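Below is start-v9.cif, which holds mmCIF, C-alpha atoms.
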data_model
loop_
_atom_site.label_atom_id
_atom_site.label_comp_id
_atom_site.auth_asym_id
_atom_site.auth_seq_id
_atom_site.Cartn_x
_atom_site.Cartn_y
_atom_site.Cartn_z
CA MET E 1399 1.21 -8.02 -17.87
CA LEU E 1400 -1.86 -6.59 -16.18
CA ALA E 1401 -2.79 -3.05 -17.20
CA VAL E 1402 -3.01 -0.88 -14.10
CA ALA E 1403 -6.30 0.99 -13.83
CA PRO E 1404 -5.74 4.76 -13.61
CA HIS E 1405 -8.41 5.15 -10.89
CA VAL E 1406 -6.46 2.66 -8.76
CA ALA E 1407 -2.96 3.89 -9.62
CA GLU E 1408 -3.74 7.43 -8.53
CA HIS E 1409 -4.25 6.22 -4.95
CA ILE E 1410 -1.46 3.65 -4.64
CA PRO E 1411 1.97 5.07 -3.84
CA ASP E 1412 4.89 3.68 -5.82
CA ALA E 1413 7.22 1.88 -3.41
CA GLY E 1414 10.29 2.72 -5.49
CA VAL E 1415 9.53 6.45 -5.69
CA TYR E 1416 8.62 6.58 -1.99
CA PHE E 1417 11.86 4.87 -1.03
CA VAL E 1418 14.07 6.97 -3.31
CA ASP E 1419 12.53 10.19 -1.98
CA TRP E 1420 13.22 9.03 1.56
CA ALA E 1421 16.68 7.55 0.99
CA ILE E 1422 18.34 10.35 -0.97
CA GLN E 1423 17.44 13.23 1.35
CA ASP E 1424 20.95 13.61 2.79
CA LEU E 1425 23.00 12.04 0.01
CA PRO E 1426 25.23 13.84 -2.47
CA ALA E 1427 23.84 13.95 -6.02
CA ASP E 1428 26.09 11.18 -7.38
CA ARG E 1429 25.17 8.79 -4.57
CA ALA E 1430 21.49 9.69 -4.92
CA ARG E 1431 21.62 8.78 -8.62
CA GLU E 1432 23.14 5.40 -7.72
CA VAL E 1433 20.28 4.63 -5.35
CA GLU E 1434 17.68 5.79 -7.87
CA SER E 1435 19.29 3.72 -10.61
CA ALA E 1436 19.39 0.62 -8.40
CA VAL E 1437 15.69 0.98 -7.60
CA ASN E 1438 14.59 1.78 -11.15
CA GLY E 1439 16.62 -1.13 -12.51
CA ARG E 1440 14.35 -3.50 -10.63
CA ARG E 1441 11.04 -2.21 -12.00
CA CYS E 1442 8.86 -4.48 -14.12
CA GLN E 1443 7.47 -3.78 -17.58
CA ASN E 1444 4.45 -1.88 -16.30
CA GLY E 1445 6.73 0.59 -14.49
CA TRP E 1446 5.80 -0.47 -10.96
CA PHE E 1447 8.09 -1.97 -8.36
CA PRO E 1448 7.54 -5.73 -7.86
CA LEU E 1449 8.50 -7.13 -4.47
CA GLU E 1450 10.04 -10.22 -6.05
CA SER E 1451 12.95 -8.04 -7.15
CA LEU E 1452 13.97 -7.75 -3.48
CA ASP E 1453 14.09 -11.49 -2.79
CA SER E 1454 17.87 -11.66 -3.10
CA ILE E 1455 18.52 -8.57 -0.97
CA GLY E 1456 17.94 -9.73 2.58
CA SER E 1457 16.71 -7.53 5.36
CA ARG E 1458 19.62 -7.06 7.74
CA GLY E 1459 22.81 -5.09 7.63
CA TYR E 1460 23.95 -2.02 5.76
CA TRP E 1461 26.63 -4.03 3.96
CA ARG E 1462 24.01 -5.26 1.49
CA GLY E 1463 23.36 -1.74 0.27
CA PRO E 1464 20.47 0.68 0.53
CA LEU E 1465 18.00 -1.77 -1.03
CA THR E 1466 18.13 -3.60 2.30
CA TYR E 1467 16.11 -0.71 3.67
CA LEU E 1468 13.65 -0.93 0.78
CA ALA E 1469 13.14 -4.60 1.63
CA ARG E 1470 12.56 -3.62 5.25
CA MET E 1471 10.19 -0.84 4.21
CA THR E 1472 7.96 -3.22 2.21
CA ALA E 1473 8.06 -6.11 4.67
CA ASP E 1474 4.38 -5.75 5.64
CA ASP E 1475 2.98 -5.10 2.16
CA THR E 1476 1.88 -8.65 1.41
CA THR E 1477 -0.16 -8.84 4.59
CA ILE E 1478 -1.67 -5.39 4.06
CA LEU E 1479 -2.73 -6.16 0.49
CA GLN E 1480 -4.11 -9.57 1.39
CA GLU E 1481 -6.16 -8.22 4.29
CA TRP E 1482 -7.49 -5.34 2.18
CA SER E 1483 -8.40 -7.52 -0.80
CA THR E 1484 -10.06 -10.33 1.18
CA ASN E 1485 -12.07 -8.23 3.59
CA GLY E 1486 -15.25 -10.15 4.38
CA LEU E 1487 -14.22 -13.39 2.70
CA GLY E 1488 -13.45 -16.79 4.14
CA GLY E 1489 -12.43 -20.27 3.10
CA ASP E 1490 -11.42 -21.09 -0.45
CA ASP E 1491 -12.44 -17.71 -1.85
CA GLU E 1492 -10.15 -15.95 0.60
CA SER E 1493 -7.27 -18.32 -0.18
CA ARG E 1494 -7.62 -17.83 -3.95
CA ILE E 1495 -7.75 -14.03 -3.68
CA GLU E 1496 -4.76 -13.99 -1.31
CA ALA E 1497 -2.71 -16.20 -3.60
CA THR E 1498 -3.41 -14.15 -6.71
CA VAL E 1499 -2.86 -10.80 -4.97
CA ASN E 1500 0.43 -12.09 -3.57
CA HIS E 1501 1.53 -13.34 -6.99
CA LEU E 1502 0.68 -10.03 -8.68
CA LEU E 1503 2.35 -8.00 -5.93
CA CYS E 1504 5.54 -10.01 -6.30
CA GLN E 1505 5.52 -10.03 -10.11
CA GLN E 1506 3.94 -6.71 -11.13
CA GLY E 1507 3.73 -4.44 -8.10
CA HIS E 1508 1.20 -2.92 -5.74
CA ALA E 1509 -1.02 -1.18 -8.29
CA ALA E 1510 -1.41 -4.29 -10.45
CA ALA E 1511 -2.45 -6.37 -7.44
CA ALA E 1512 -4.91 -3.70 -6.32
CA THR E 1513 -6.31 -3.32 -9.86
CA TRP E 1514 -6.97 -7.03 -10.06
CA ALA E 1515 -8.63 -7.15 -6.63
CA VAL E 1516 -10.92 -4.22 -7.47
CA ALA E 1517 -11.88 -5.84 -10.79
CA VAL E 1518 -12.58 -9.25 -9.26
CA ARG E 1519 -14.56 -7.91 -6.31
CA PRO E 1520 -16.57 -5.01 -7.78
CA LYS E 1521 -19.49 -5.34 -5.37
CA THR E 1522 -17.29 -4.87 -2.30
CA TYR E 1523 -16.18 -1.37 -3.30
CA LEU E 1524 -12.58 -1.92 -2.29
CA ASP E 1525 -11.17 1.51 -1.46
CA ALA E 1526 -7.80 2.03 -3.18
CA ALA E 1527 -7.26 5.27 -1.25
CA LEU E 1528 -7.52 3.35 2.02
CA LEU E 1529 -5.00 0.80 0.76
CA GLY E 1530 -2.65 3.58 -0.32
CA ASP E 1531 -2.88 5.21 3.11
CA ARG E 1532 -2.22 1.89 4.87
CA LEU E 1533 0.83 1.19 2.69
CA ALA E 1534 2.28 4.67 3.22
CA ALA E 1535 1.73 4.44 6.99
CA ALA E 1536 3.46 1.05 7.14
CA TRP E 1537 6.37 2.32 5.06
CA GLU E 1538 6.77 5.36 7.28
CA TYR E 1539 6.68 3.17 10.38
CA ASN E 1540 9.16 0.63 8.98
CA LEU E 1541 11.60 3.37 7.97
CA GLY E 1542 11.16 5.27 11.23
CA SER E 1543 14.05 3.62 13.04
CA ILE E 1544 16.56 4.03 10.21
CA ARG E 1545 18.86 7.03 10.36
CA SER E 1546 20.02 8.93 7.29
CA LYS E 1547 23.63 8.17 8.21
CA ASP E 1548 22.79 4.44 8.03
CA VAL E 1549 21.66 4.93 4.43
CA ALA E 1550 24.78 6.96 3.59
CA LYS E 1551 26.98 4.27 5.13
CA SER E 1552 25.19 1.54 3.20
CA VAL E 1553 25.71 3.38 -0.10
CA ARG E 1554 29.44 3.88 0.64
CA ARG E 1555 29.97 0.22 1.55
CA TRP E 1556 27.83 -0.94 -1.36
CA ASN E 1557 30.26 0.65 -3.80
CA ARG E 1558 33.36 -1.11 -2.49
#

Let's see the structure in the file written out as structure tokens.
Amino acid sequence: MLAVAPHVAEHIPDAGVYFVDWAIQDLPADRAREVESAVNGRRCQNGWFPLESLDSIGSRGYWRGPLTYLARMTADDTTILQEWSTNGLGGDDESRIEATVNHLLCQQGHAAAATWAVAVRPKTYLDAALLGDRLAAAWEYNLGSIRSKDVAKSVRRWNR
């Protein structure tokens, strides 16, 4: 398990926290706790939210529960992290960095992948704040078309 660097973690939003804050806005307290529990139950040992935990969710239909929307929210994260971490590279170096960043994102979360990229490419001055802003903007965009009543409906159907 990769230790997340504090100077990186302070700039990278936690996908699970971001999603829970968004999803529970209009939910009753008991339903909100269910969503929070479902998200937190998928965290890895370092406390961050790994994307691999969403592999079995799927991305369409409220019948799969509210985590469907979390999968939709994070759909662009792999591309964003790979582009950020490989800026200025090409060829084999780019492929190796992309593969490792993708593996860490899936296994240990956004902050672990960013920590590794910053450590491996110290001369490039990768800006974690820029990455955090890009992730948050993509999440906001990907959640923009989802209505709060869709989330409420997905939680109700999820419990049947």

Around the point (-0.8, -7.5, -12.6) (coordinates from the file), which residues reach within 6 Å if we count all atoms listed in the file? Answer as a PyMOL selection string. chain E and resi 1399-1400+1502+1506+1510-1511

As AutoDock Vina command-line options, please: the centre and edge lengths in Å, to one decimal, of an axis-aligned box enclosing every listed atom of stretch 1412-1424 of chain E with 6 Å added on each side.
--center_x 12.9 --center_y 7.7 --center_z -1.5 --size_x 28.1 --size_y 23.7 --size_z 20.6

The PyMOL selection byres ((chain E and resi 1403-1417) around 8) - which residues does that actually catch in the file I just gave you? List them as a PDB file with C-alpha atoms, in the frame of the given file.
ATOM      1  CA  ALA E1401      -2.790  -3.050 -17.200  1.00  0.00           C
ATOM      2  CA  VAL E1402      -3.010  -0.880 -14.100  1.00  0.00           C
ATOM      3  CA  VAL E1418      14.070   6.970  -3.310  1.00  0.00           C
ATOM      4  CA  ASP E1419      12.530  10.190  -1.980  1.00  0.00           C
ATOM      5  CA  TRP E1420      13.220   9.030   1.560  1.00  0.00           C
ATOM      6  CA  ALA E1421      16.680   7.550   0.990  1.00  0.00           C
ATOM      7  CA  VAL E1437      15.690   0.980  -7.600  1.00  0.00           C
ATOM      8  CA  ASN E1438      14.590   1.780 -11.150  1.00  0.00           C
ATOM      9  CA  TRP E1446       5.800  -0.470 -10.960  1.00  0.00           C
ATOM     10  CA  PHE E1447       8.090  -1.970  -8.360  1.00  0.00           C
ATOM     11  CA  LEU E1468      13.650  -0.930   0.780  1.00  0.00           C
ATOM     12  CA  MET E1471      10.190  -0.840   4.210  1.00  0.00           C
ATOM     13  CA  THR E1472       7.960  -3.220   2.210  1.00  0.00           C
ATOM     14  CA  HIS E1508       1.200  -2.920  -5.740  1.00  0.00           C
ATOM     15  CA  ALA E1509      -1.020  -1.180  -8.290  1.00  0.00           C
ATOM     16  CA  ALA E1510      -1.410  -4.290 -10.450  1.00  0.00           C
ATOM     17  CA  ALA E1512      -4.910  -3.700  -6.320  1.00  0.00           C
ATOM     18  CA  THR E1513      -6.310  -3.320  -9.860  1.00  0.00           C
ATOM     19  CA  ALA E1526      -7.800   2.030  -3.180  1.00  0.00           C
ATOM     20  CA  ALA E1527      -7.260   5.270  -1.250  1.00  0.00           C
ATOM     21  CA  LEU E1529      -5.000   0.800   0.760  1.00  0.00           C
ATOM     22  CA  GLY E1530      -2.650   3.580  -0.320  1.00  0.00           C
ATOM     23  CA  LEU E1533       0.830   1.190   2.690  1.00  0.00           C
ATOM     24  CA  ALA E1534       2.280   4.670   3.220  1.00  0.00           C
TER      25      ALA E1534
END

Tell me, as a list in words, which residues lie within 10 Å of E:Ala1430, counting only C-alpha atoms; anything in the same chain fewer than 5 positions away does not count.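 Surrounding residues, per the criterion: Val1418, Asp1419, Ala1421, Ile1422, Gln1423, Asp1424, Leu1425, Ser1435, Ala1436, Ala1550 and Val1553 of chain E.
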
Taking into account all atoms listed in the file, which residue in the set E:Lys1551, E:Lys1521, E:Arg1431, E:Arg1441 is nearest to E:Gly1486?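 Among the listed residues, the smallest separation from E:Gly1486 belongs to E:Lys1521.
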
Atom pair atom CA of E:Val1549 / atom CA of E:Pro1464: separation (Å):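 If I compute the distance from atom CA of E:Val1549 to atom CA of E:Pro1464, I get 5.9 Å.
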
Gap from atom CA of E:Thr1476 to atom CA of E:Ser1552 - Å, one decimal: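 These two atoms are separated by 25.5 Å.
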
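Picture a line from atom CA of E:Asp1491 to atom CA of E:Ser1451; it runs 27.7 Å.
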
Spatial neighbours of E:Ser1483, max dist 8 Å, only C-alpha atoms, sep filter under 6 positions, as number ranges by chain: E: 1495-1496, 1499, 1512, 1515-1516, 1524

Across E:Ala1469, E:Ile1478, E:Ala1497, E:Cys1504, the smallest distance to E:Glu1450, with all atoms listed in the file counted, is shown by E:Cys1504

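With distances restricted to only C-alpha atoms, E:Asn1500 is the closest residue to E:Thr1477 from E:Ser1454, E:Asn1500, E:Ser1493, E:Asn1444.
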
Would you mind telling me which residue in E:Ala1473, E:Val1433, E:Val1518, E:Ala1427 lies nearest to E:Leu1449 when using all atoms listed in the file? E:Ala1473
